[in-house]
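**Student:** Just passing along the structure, written as structure tokens.
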Amino acid sequence: MAKVLVVLYPDPLDGYPPTYARDSIPVITGYPGGQTVPSPAAIDFTPGQLLGSVSGELGLRKFLDDGGNELVVTSDKDGPDSVFERELPTADVVISQPFWPAYLDAARIEKAKNLRLVITAGIGSDHVDLDAAMRHDITVAEVTYSNSISVAEHAVMLILDLVRNFVPAHEWVTSRRGWNIADAVSRSYDLEGMDVGVIAAGRIGVAVMRRLKPFDVHLFYTDKRRLPEATETELGLTFVPSVAELVTRVDVLSIHAPLTHETFHLFDSALLGTMRRGSYIVNTARAEILERDAVVEALETGQLAGYAGDVWYPQPPEADHPWRTMPNNAMTPHISGTSLSAQARYSAGVREILEDYFDHKPIRPEYLIVDSGALAGTGEASYSTDGTGSPGSSGQ
Ligand code: NAD
């Protein structure tokens with residue numbers, strides 16, 4: 001019997017939904033490149049339900065109860081008196097989503113004497129101190145690809161939102177009850193013909209470029225590893241060897257790198273100052289890739305024409321976090337990877353990982369971030385550590 005501690009975001013203010021806007025979601029049968037979708041033995045939820053909030057329980061209740069396991073679900077995750085902190089010392093498995101991360105820094109991992117497996121229901125395990133996980137031989141796994149297309153769609157939407165000035169135009173007709181066309185269009189442009197850059201051409205970055213190609217933009221990218229020539233030719237991509245050079249060559253930048261010691265605070269005032277005046281940045285990767293106040297300053301001076309994203313630090317951010325009110329922002333809570341469609345996939349993926357774990361079978365390599373004391377699988381391919389602890393894991 002295992003104790004599984006699950007941290008999920010709170011239910012909607014009006015309560016857990018009794019009905020949904022649509023009756024079904026499309027069935028996705030595979031991912032680009034051939035990776036198969038999650039394949040648990042069974043699922044105990046209806047795809048399209050809200051699974052990521054406390055009452056949804058990621059659809060795990062029946063499976064864990066039937067196996068005689070203990071399931072504790074809470075949204076109370078921060079601070080020494082939180083339910084998460086109280087339950088952690090006796091937990092064997094911890095599961096949370098990046099949208100409402102259960103921060104697992106070295107001190108918390110030290111207290112979690114029984115902890116063997118940490119699962120990210122989604123993608124991005126920077127809320128876990130990966131060095132500490134390696135030292136304590138804890139396996140860290142995430143549901144690779146489960147929400148990559150969800151995020152790619154969202155990033156393309158945010159690029160269009162910023163360039164076309166959608167949010168202020170929407171506000172003119174809703175909260176302001178106006179018809180102020182000149183006000184709305186005086187910051188509105190076409191995306192067509194612009195130079196668009198992508199940092200990190202992984203699963204999400206490539207999906208973003210694939211979706212942007214029909215907009216007749218000029219596509220540039222950088223990554224630690226260059227894409228195959230055939231992909232560059234198919235999508236019309238120009239590879240740029242460094243972030244420093246890439247940012248000087250584009251009007252729009254979309255960030256899709258993991259948060260590691262290499263990307264932590266990569267964007268400071270100096271780097272932002274090298275960009276073309278009036279550039280746009282979309283960041284659906286991780287907030288800590290940019291220095292918080294440097295972004296605010298660049299928007300206030302007009303160096304950036306807009307900043308949009310869904311990732312913050314910490315999560316949830318304080319009520320007076322400056323990104324809530326900075327000029328020309330199109331921010332949302334961290335939602336791009338937790339559409340109802342994505343929730344069905346990553347809940348099934350979590351179930352698959354748990355089934356393998358309980359049956360002592362190997363977890364798919366593409367789901368692994370840390371295993372047997374080292375980076376493994378996707379962790380080995382995409383993450384890096386320097387032994388000093390993962391940035392972003394303390395939630396402070
Ligand atoms: P992936 O593993 O497929 O790709 C990551 C890419 O980043 C790889 O190609 C890797 O080579 C590259 N990379 C790593 N370090 C780099 C560096 N220092 N410079 C340049 N390139 C570097 O991951 P993915 O599925 O595309 O996801 C990327 C990130 O997006 C995740 O790590 C996560 O932080 C974020 N994400 C956000 C959401 C959301 O809801 N907003 C959802 C999923 C993922």
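Ordering of the structure tokens sets the chain letters (A, B, ...); residue numbers start at 1 within each chain; ligands are numbered from 1 in the order shown.
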Give me, as JSON lines, the closest atom pair and its distance (Å, one decimal) for every residue of chain A within a cut-off of 7 Å of ligand 1, counting only C-alpha atoms and all ligand atoms, rows sorted by chain and rising number.
**Tutor:**
{"residue": "A:Phe99", "atom": "CA", "partner": "ligand 1", "partner_atom_place_in_ligand_line": "40 (O)", "distance": 6.8}
{"residue": "A:Gly122", "atom": "CA", "partner": "ligand 1", "partner_atom_place_in_ligand_line": "43 (C)", "distance": 6.2}
{"residue": "A:Ile123", "atom": "CA", "partner": "ligand 1", "partner_atom_place_in_ligand_line": "43 (C)", "distance": 4.4}
{"residue": "A:Gly124", "atom": "CA", "partner": "ligand 1", "partner_atom_place_in_ligand_line": "33 (C)", "distance": 4.0}
{"residue": "A:Thr144", "atom": "CA", "partner": "ligand 1", "partner_atom_place_in_ligand_line": "25 (O)", "distance": 6.2}
{"residue": "A:Tyr145", "atom": "CA", "partner": "ligand 1", "partner_atom_place_in_ligand_line": "25 (O)", "distance": 5.7}
{"residue": "A:Asn147", "atom": "CA", "partner": "ligand 1", "partner_atom_place_in_ligand_line": "43 (C)", "distance": 5.7}
{"residue": "A:Ser148", "atom": "CA", "partner": "ligand 1", "partner_atom_place_in_ligand_line": "25 (O)", "distance": 5.2}
{"residue": "A:Val151", "atom": "CA", "partner": "ligand 1", "partner_atom_place_in_ligand_line": "42 (C)", "distance": 5.7}
{"residue": "A:Ile199", "atom": "CA", "partner": "ligand 1", "partner_atom_place_in_ligand_line": "20 (C)", "distance": 6.1}
{"residue": "A:Ala200", "atom": "CA", "partner": "ligand 1", "partner_atom_place_in_ligand_line": "21 (N)", "distance": 4.1}
{"residue": "A:Ala201", "atom": "CA", "partner": "ligand 1", "partner_atom_place_in_ligand_line": "9 (O)", "distance": 4.8}
{"residue": "A:Gly202", "atom": "CA", "partner": "ligand 1", "partner_atom_place_in_ligand_line": "4 (O)", "distance": 3.2}
{"residue": "A:Arg203", "atom": "CA", "partner": "ligand 1", "partner_atom_place_in_ligand_line": "3 (O)", "distance": 3.8}
{"residue": "A:Ile204", "atom": "CA", "partner": "ligand 1", "partner_atom_place_in_ligand_line": "26 (O)", "distance": 3.7}
{"residue": "A:Gly205", "atom": "CA", "partner": "ligand 1", "partner_atom_place_in_ligand_line": "26 (O)", "distance": 5.6}
{"residue": "A:Thr222", "atom": "CA", "partner": "ligand 1", "partner_atom_place_in_ligand_line": "20 (C)", "distance": 6.1}
{"residue": "A:Asp223", "atom": "CA", "partner": "ligand 1", "partner_atom_place_in_ligand_line": "21 (N)", "distance": 3.7}
{"residue": "A:Lys224", "atom": "CA", "partner": "ligand 1", "partner_atom_place_in_ligand_line": "21 (N)", "distance": 4.6}
{"residue": "A:Arg225", "atom": "CA", "partner": "ligand 1", "partner_atom_place_in_ligand_line": "11 (O)", "distance": 5.4}
{"residue": "A:His256", "atom": "CA", "partner": "ligand 1", "partner_atom_place_in_ligand_line": "28 (C)", "distance": 4.8}
{"residue": "A:Ala257", "atom": "CA", "partner": "ligand 1", "partner_atom_place_in_ligand_line": "7 (O)", "distance": 4.2}
{"residue": "A:Pro258", "atom": "CA", "partner": "ligand 1", "partner_atom_place_in_ligand_line": "32 (O)", "distance": 3.4}
{"residue": "A:Leu259", "atom": "CA", "partner": "ligand 1", "partner_atom_place_in_ligand_line": "34 (O)", "distance": 5.9}
{"residue": "A:Glu262", "atom": "CA", "partner": "ligand 1", "partner_atom_place_in_ligand_line": "18 (N)", "distance": 5.1}
{"residue": "A:Thr263", "atom": "CA", "partner": "ligand 1", "partner_atom_place_in_ligand_line": "18 (N)", "distance": 5.2}
{"residue": "A:Thr284", "atom": "CA", "partner": "ligand 1", "partner_atom_place_in_ligand_line": "41 (N)", "distance": 4.3}
{"residue": "A:Ala285", "atom": "CA", "partner": "ligand 1", "partner_atom_place_in_ligand_line": "35 (C)", "distance": 3.9}
{"residue": "A:Arg286", "atom": "CA", "partner": "ligand 1", "partner_atom_place_in_ligand_line": "34 (O)", "distance": 5.3}
{"residue": "A:Asp310", "atom": "CA", "partner": "ligand 1", "partner_atom_place_in_ligand_line": "41 (N)", "distance": 5.9}
{"residue": "A:Val311", "atom": "CA", "partner": "ligand 1", "partner_atom_place_in_ligand_line": "41 (N)", "distance": 5.9}
{"residue": "A:His334", "atom": "CA", "partner": "ligand 1", "partner_atom_place_in_ligand_line": "40 (O)", "distance": 6.0}
{"residue": "A:Ile335", "atom": "CA", "partner": "ligand 1", "partner_atom_place_in_ligand_line": "40 (O)", "distance": 5.8}
{"residue": "A:Ser336", "atom": "CA", "partner": "ligand 1", "partner_atom_place_in_ligand_line": "40 (O)", "distance": 4.4}
{"residue": "A:Gly337", "atom": "CA", "partner": "ligand 1", "partner_atom_place_in_ligand_line": "40 (O)", "distance": 3.4}
{"residue": "A:Thr338", "atom": "CA", "partner": "ligand 1", "partner_atom_place_in_ligand_line": "40 (O)", "distance": 6.4}
{"residue": "A:Thr378", "atom": "CA", "partner": "ligand 1", "partner_atom_place_in_ligand_line": "2 (O)", "distance": 6.0}
{"residue": "A:Ala381", "atom": "CA", "partner": "ligand 1", "partner_atom_place_in_ligand_line": "11 (O)", "distance": 6.6}
{"residue": "A:Ser382", "atom": "CA", "partner": "ligand 1", "partner_atom_place_in_ligand_line": "10 (C)", "distance": 4.3}
{"residue": "A:Tyr383", "atom": "CA", "partner": "ligand 1", "partner_atom_place_in_ligand_line": "14 (C)", "distance": 5.8}
**Student:** If we count only C-alpha atoms and set the cut-off at 12 Å, which residues sit around Leu64 in chain A, ignoring sequence neighbours fewer than 6 positions away in its own chain? Please answer as a list in words.
**Tutor:**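 The residues that qualify are Met1, Ala2, Lys3, Val4, Leu5, Val6, Ile43, Asp44, Glu57, Leu58, Glu70, Leu71, Val72, Val93, Val350, Arg351, Leu354, Glu355 and Phe358 of chain A.
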**Student:** Store the residues picked out above in a file with N, CA, C and O atoms, as a compact mmCIF listing (two decimals), in the first residue's frame.
**Tutor:**
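Contents of result04.txt, as written:
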# COMPACT_ATOMS: atom_id res chain seq x y z
N MET A 1 0.83 -1.20 0.00
CA MET A 1 0.00 0.00 0.00
C MET A 1 0.87 1.26 0.00
O MET A 1 1.85 1.32 0.72
N ALA A 2 0.51 2.20 -0.83
CA ALA A 2 1.29 3.45 -0.90
C ALA A 2 0.41 4.63 -0.52
O ALA A 2 -0.80 4.61 -0.71
N LYS A 3 1.06 5.64 0.01
CA LYS A 3 0.33 6.89 0.27
C LYS A 3 0.65 7.85 -0.88
O LYS A 3 1.82 8.18 -1.12
N VAL A 4 -0.39 8.25 -1.60
CA VAL A 4 -0.23 9.12 -2.77
C VAL A 4 -0.78 10.49 -2.41
O VAL A 4 -1.97 10.64 -2.14
N LEU A 5 0.08 11.48 -2.42
CA LEU A 5 -0.28 12.85 -2.02
C LEU A 5 -0.40 13.69 -3.29
O LEU A 5 0.60 13.86 -4.01
N VAL A 6 -1.59 14.18 -3.55
CA VAL A 6 -1.87 14.89 -4.81
C VAL A 6 -2.23 16.33 -4.51
O VAL A 6 -3.15 16.59 -3.72
N ILE A 43 -9.19 3.81 -17.66
CA ILE A 43 -9.37 5.10 -17.00
C ILE A 43 -10.75 5.11 -16.36
O ILE A 43 -11.65 4.43 -16.81
N ASP A 44 -10.86 5.89 -15.27
CA ASP A 44 -12.14 5.96 -14.55
C ASP A 44 -12.72 7.36 -14.61
O ASP A 44 -13.29 7.84 -13.64
N GLU A 57 -9.66 15.08 -8.87
CA GLU A 57 -8.72 14.06 -8.37
C GLU A 57 -7.93 13.36 -9.46
O GLU A 57 -7.51 12.22 -9.31
N LEU A 58 -7.77 14.02 -10.61
CA LEU A 58 -7.08 13.43 -11.78
C LEU A 58 -7.68 12.08 -12.16
O LEU A 58 -7.03 11.25 -12.80
N GLU A 70 -3.63 4.77 -0.16
CA GLU A 70 -4.21 5.95 0.48
C GLU A 70 -4.02 7.14 -0.46
O GLU A 70 -2.91 7.40 -0.92
N LEU A 71 -5.12 7.84 -0.76
CA LEU A 71 -5.04 9.02 -1.63
C LEU A 71 -5.41 10.26 -0.81
O LEU A 71 -6.49 10.32 -0.23
N VAL A 72 -4.49 11.21 -0.76
CA VAL A 72 -4.77 12.49 -0.10
C VAL A 72 -4.71 13.57 -1.16
O VAL A 72 -3.71 13.69 -1.87
N VAL A 93 4.38 8.82 -2.81
CA VAL A 93 4.29 9.41 -4.16
C VAL A 93 3.69 10.81 -4.02
O VAL A 93 2.72 11.00 -3.29
N VAL A 350 -0.63 10.02 -16.03
CA VAL A 350 -0.32 9.79 -14.61
C VAL A 350 -0.74 8.38 -14.22
O VAL A 350 -0.01 7.66 -13.54
N ARG A 351 -1.92 7.99 -14.67
CA ARG A 351 -2.40 6.63 -14.36
C ARG A 351 -1.43 5.59 -14.91
O ARG A 351 -1.10 4.60 -14.25
N LEU A 354 1.65 5.43 -12.73
CA LEU A 354 1.37 4.76 -11.45
C LEU A 354 1.23 3.25 -11.64
O LEU A 354 1.73 2.46 -10.84
N GLU A 355 0.54 2.86 -12.71
CA GLU A 355 0.38 1.41 -12.95
C GLU A 355 1.76 0.75 -13.09
O GLU A 355 2.02 -0.30 -12.49
N PHE A 358 3.54 0.65 -9.61
CA PHE A 358 3.02 -0.38 -8.70
C PHE A 358 3.35 -1.79 -9.19
O PHE A 358 3.53 -2.70 -8.41
**Student:** Would you give me, as number ranges by chain, the residues in range 5-241 of chain A that DSSP reads as strand (DSSP E)?
**Tutor:** A: 5-7, 70-74, 93-96, 117-120, 139-142, 195-199, 218-222, 237-239
**Student:** Taking only C-alpha atoms into account, which of A:Val27, A:Leu8, A:Ala152, A:Leu237 comes nearest Ala102 in chain A?
**Tutor:**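 Of A:Val27, A:Leu8, A:Ala152, A:Leu237, the one nearest Ala102 in chain A is A:Leu8, counting only C-alpha atoms.
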**Student:** Using only C-alpha atoms for the distances, tell me which of A:Val140, A:Ser146, A:Ala21, A:Gly15 is nearest to Gly373 in chain A.
**Tutor:** A:Val140
**Student:** Which residues are near Phe239 in chain A? Cut-off 10 Å, only C-alpha atoms, ignore same chain within fewer than 2 positions. Put them as a PDB file with all heavy atoms, in the first residue's frame.
**Tutor:**
ATOM      1  N   GLY A 197      10.921  34.741 -33.802  1.00  0.00           N
ATOM      2  CA  GLY A 197      11.957  33.855 -33.274  1.00  0.00           C
ATOM      3  C   GLY A 197      11.414  32.947 -32.187  1.00  0.00           C
ATOM      4  O   GLY A 197      10.529  33.330 -31.422  1.00  0.00           O
ATOM      5  N   VAL A 198      11.962  31.742 -32.132  1.00  0.00           N
ATOM      6  CA  VAL A 198      11.567  30.775 -31.113  1.00  0.00           C
ATOM      7  C   VAL A 198      12.820  30.332 -30.360  1.00  0.00           C
ATOM      8  O   VAL A 198      13.817  29.955 -30.981  1.00  0.00           O
ATOM      9  CB  VAL A 198      10.844  29.574 -31.772  1.00  0.00           C
ATOM     10  CG1 VAL A 198      10.794  28.368 -30.841  1.00  0.00           C
ATOM     11  CG2 VAL A 198       9.425  29.975 -32.172  1.00  0.00           C
ATOM     12  N   LEU A 219      10.786  32.808 -40.079  1.00  0.00           N
ATOM     13  CA  LEU A 219      10.962  32.060 -38.835  1.00  0.00           C
ATOM     14  C   LEU A 219      12.435  31.826 -38.512  1.00  0.00           C
ATOM     15  O   LEU A 219      13.195  31.320 -39.351  1.00  0.00           O
ATOM     16  CB  LEU A 219      10.250  30.711 -38.944  1.00  0.00           C
ATOM     17  CG  LEU A 219       8.716  30.755 -38.893  1.00  0.00           C
ATOM     18  CD1 LEU A 219       8.131  29.399 -39.281  1.00  0.00           C
ATOM     19  CD2 LEU A 219       8.225  31.185 -37.517  1.00  0.00           C
ATOM     20  N   PHE A 220      12.824  32.183 -37.298  1.00  0.00           N
ATOM     21  CA  PHE A 220      14.182  31.983 -36.785  1.00  0.00           C
ATOM     22  C   PHE A 220      14.079  31.168 -35.496  1.00  0.00           C
ATOM     23  O   PHE A 220      13.104  31.297 -34.764  1.00  0.00           O
ATOM     24  CB  PHE A 220      14.838  33.329 -36.453  1.00  0.00           C
ATOM     25  CG  PHE A 220      14.973  34.259 -37.626  1.00  0.00           C
ATOM     26  CD1 PHE A 220      13.887  35.006 -38.083  1.00  0.00           C
ATOM     27  CD2 PHE A 220      16.199  34.401 -38.278  1.00  0.00           C
ATOM     28  CE1 PHE A 220      14.020  35.867 -39.178  1.00  0.00           C
ATOM     29  CE2 PHE A 220      16.343  35.262 -39.361  1.00  0.00           C
ATOM     30  CZ  PHE A 220      15.249  35.989 -39.812  1.00  0.00           C
ATOM     31  N   TYR A 221      15.106  30.366 -35.196  1.00  0.00           N
ATOM     32  CA  TYR A 221      15.073  29.663 -33.908  1.00  0.00           C
ATOM     33  C   TYR A 221      16.481  29.425 -33.406  1.00  0.00           C
ATOM     34  O   TYR A 221      17.455  29.462 -34.175  1.00  0.00           O
ATOM     35  CB  TYR A 221      14.322  28.319 -34.020  1.00  0.00           C
ATOM     36  CG  TYR A 221      15.166  27.187 -34.606  1.00  0.00           C
ATOM     37  CD1 TYR A 221      15.794  26.263 -33.780  1.00  0.00           C
ATOM     38  CD2 TYR A 221      15.345  27.064 -35.980  1.00  0.00           C
ATOM     39  CE1 TYR A 221      16.571  25.234 -34.302  1.00  0.00           C
ATOM     40  CE2 TYR A 221      16.119  26.042 -36.506  1.00  0.00           C
ATOM     41  CZ  TYR A 221      16.731  25.129 -35.660  1.00  0.00           C
ATOM     42  OH  TYR A 221      17.507  24.121 -36.187  1.00  0.00           O
ATOM     43  N   THR A 222      16.566  29.193 -32.093  1.00  0.00           N
ATOM     44  CA  THR A 222      17.820  28.708 -31.526  1.00  0.00           C
ATOM     45  C   THR A 222      17.498  27.560 -30.589  1.00  0.00           C
ATOM     46  O   THR A 222      16.389  27.446 -30.066  1.00  0.00           O
ATOM     47  CB  THR A 222      18.593  29.821 -30.777  1.00  0.00           C
ATOM     48  OG1 THR A 222      19.913  29.367 -30.481  1.00  0.00           O
ATOM     49  CG2 THR A 222      17.901  30.234 -29.480  1.00  0.00           C
ATOM     50  N   ASP A 223      18.441  26.677 -30.401  1.00  0.00           N
ATOM     51  CA  ASP A 223      18.309  25.545 -29.475  1.00  0.00           C
ATOM     52  C   ASP A 223      19.721  25.021 -29.241  1.00  0.00           C
ATOM     53  O   ASP A 223      20.623  25.292 -30.042  1.00  0.00           O
ATOM     54  CB  ASP A 223      17.413  24.434 -30.081  1.00  0.00           C
ATOM     55  CG  ASP A 223      16.983  23.393 -29.041  1.00  0.00           C
ATOM     56  OD1 ASP A 223      17.843  22.676 -28.485  1.00  0.00           O
ATOM     57  OD2 ASP A 223      15.780  23.321 -28.766  1.00  0.00           O
ATOM     58  N   ARG A 226      20.583  21.543 -33.011  1.00  0.00           N
ATOM     59  CA  ARG A 226      19.955  21.986 -34.257  1.00  0.00           C
ATOM     60  C   ARG A 226      18.983  20.927 -34.760  1.00  0.00           C
ATOM     61  O   ARG A 226      19.231  19.717 -34.631  1.00  0.00           O
ATOM     62  CB  ARG A 226      21.072  22.243 -35.283  1.00  0.00           C
ATOM     63  CG  ARG A 226      20.606  23.053 -36.439  1.00  0.00           C
ATOM     64  CD  ARG A 226      21.759  23.612 -37.247  1.00  0.00           C
ATOM     65  NE  ARG A 226      21.205  24.203 -38.458  1.00  0.00           N
ATOM     66  CZ  ARG A 226      21.892  24.902 -39.322  1.00  0.00           C
ATOM     67  NH1 ARG A 226      23.188  25.114 -39.120  1.00  0.00           N
ATOM     68  NH2 ARG A 226      21.316  25.402 -40.395  1.00  0.00           N
ATOM     69  N   LEU A 227      17.894  21.373 -35.348  1.00  0.00           N
ATOM     70  CA  LEU A 227      16.908  20.445 -35.916  1.00  0.00           C
ATOM     71  C   LEU A 227      17.475  19.795 -37.175  1.00  0.00           C
ATOM     72  O   LEU A 227      18.387  20.344 -37.807  1.00  0.00           O
ATOM     73  CB  LEU A 227      15.632  21.212 -36.281  1.00  0.00           C
ATOM     74  CG  LEU A 227      14.809  21.737 -35.106  1.00  0.00           C
ATOM     75  CD1 LEU A 227      13.761  22.731 -35.605  1.00  0.00           C
ATOM     76  CD2 LEU A 227      14.132  20.583 -34.362  1.00  0.00           C
ATOM     77  N   GLU A 232      14.150  21.971 -41.068  1.00  0.00           N
ATOM     78  CA  GLU A 232      14.431  23.387 -41.346  1.00  0.00           C
ATOM     79  C   GLU A 232      13.914  23.768 -42.734  1.00  0.00           C
ATOM     80  O   GLU A 232      13.303  24.820 -42.922  1.00  0.00           O
ATOM     81  CB  GLU A 232      15.936  23.665 -41.246  1.00  0.00           C
ATOM     82  CG  GLU A 232      16.476  23.587 -39.831  1.00  0.00           C
ATOM     83  CD  GLU A 232      17.941  24.023 -39.744  1.00  0.00           C
ATOM     84  OE1 GLU A 232      18.574  24.261 -40.806  1.00  0.00           O
ATOM     85  OE2 GLU A 232      18.462  24.112 -38.619  1.00  0.00           O
ATOM     86  N   GLY A 236      10.968  26.248 -43.419  1.00  0.00           N
ATOM     87  CA  GLY A 236      11.617  27.503 -43.812  1.00  0.00           C
ATOM     88  C   GLY A 236      12.273  28.204 -42.639  1.00  0.00           C
ATOM     89  O   GLY A 236      12.140  29.423 -42.468  1.00  0.00           O
ATOM     90  N   LEU A 237      13.007  27.450 -41.824  1.00  0.00           N
ATOM     91  CA  LEU A 237      13.582  27.993 -40.592  1.00  0.00           C
ATOM     92  C   LEU A 237      15.006  28.464 -40.795  1.00  0.00           C
ATOM     93  O   LEU A 237      15.792  27.827 -41.500  1.00  0.00           O
ATOM     94  CB  LEU A 237      13.596  26.926 -39.495  1.00  0.00           C
ATOM     95  CG  LEU A 237      12.279  26.189 -39.233  1.00  0.00           C
ATOM     96  CD1 LEU A 237      12.484  25.152 -38.121  1.00  0.00           C
ATOM     97  CD2 LEU A 237      11.188  27.183 -38.849  1.00  0.00           C
ATOM     98  N   PRO A 241      22.711  30.619 -33.849  1.00  0.00           N
ATOM     99  CA  PRO A 241      23.409  29.821 -32.840  1.00  0.00           C
ATOM    100  C   PRO A 241      23.237  30.271 -31.392  1.00  0.00           C
ATOM    101  O   PRO A 241      23.445  29.483 -30.481  1.00  0.00           O
ATOM    102  CB  PRO A 241      24.887  29.912 -33.255  1.00  0.00           C
ATOM    103  CG  PRO A 241      24.974  30.932 -34.309  1.00  0.00           C
ATOM    104  CD  PRO A 241      23.616  31.202 -34.845  1.00  0.00           C
ATOM    105  N   SER A 242      22.846  31.509 -31.140  1.00  0.00           N
ATOM    106  CA  SER A 242      22.757  31.934 -29.736  1.00  0.00           C
ATOM    107  C   SER A 242      21.502  32.767 -29.489  1.00  0.00           C
ATOM    108  O   SER A 242      20.975  33.417 -30.405  1.00  0.00           O
ATOM    109  CB  SER A 242      23.988  32.773 -29.353  1.00  0.00           C
ATOM    110  OG  SER A 242      23.933  34.024 -30.017  1.00  0.00           O
ATOM    111  N   LEU A 246      19.825  35.803 -31.668  1.00  0.00           N
ATOM    112  CA  LEU A 246      18.428  35.636 -32.099  1.00  0.00           C
ATOM    113  C   LEU A 246      17.587  36.867 -31.735  1.00  0.00           C
ATOM    114  O   LEU A 246      16.808  37.365 -32.556  1.00  0.00           O
ATOM    115  CB  LEU A 246      17.824  34.388 -31.450  1.00  0.00           C
ATOM    116  CG  LEU A 246      16.354  34.137 -31.794  1.00  0.00           C
ATOM    117  CD1 LEU A 246      16.215  33.563 -33.204  1.00  0.00           C
ATOM    118  CD2 LEU A 246      15.695  33.191 -30.796  1.00  0.00           C
TER     119      LEU A 246
END
**Student:** Counting only C-alpha atoms, figure out which residue out of A:Tyr103, A:Asp356, A:Ser75, A:Ala374 gets nearest to Ile138 in chain A.
**Tutor:**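 Of all the options, A:Ala374 lies closest to Ile138 in chain A.
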**Student:** What's the 7 Å shell around range 85-91 of chain A, counting only C-alpha atoms, without same-chain residues fewer than 2 positions away, as a ChimeraX atom specification?
**Tutor:** /A:3-5,77,80-83,93-94,111-115
**Student:** Any chance you could tabulate, as JSON lines, the residues of range 164-259 of chain A at most 6 Å from range 268-280 of chain A with each one's nearest atom pair and distance in Å to one decimal, using only C-alpha atoms, in chain and rising number order?
**Tutor:**
{"residue": "A:Val247", "atom": "CA", "partner": "A:Met275", "partner_atom": "CA", "distance": 5.5}
{"residue": "A:Thr248", "atom": "CA", "partner": "A:Met275", "partner_atom": "CA", "distance": 4.8}
{"residue": "A:Asp251", "atom": "CA", "partner": "A:Ser279", "partner_atom": "CA", "distance": 4.8}
{"residue": "A:Val252", "atom": "CA", "partner": "A:Tyr280", "partner_atom": "CA", "distance": 4.7}
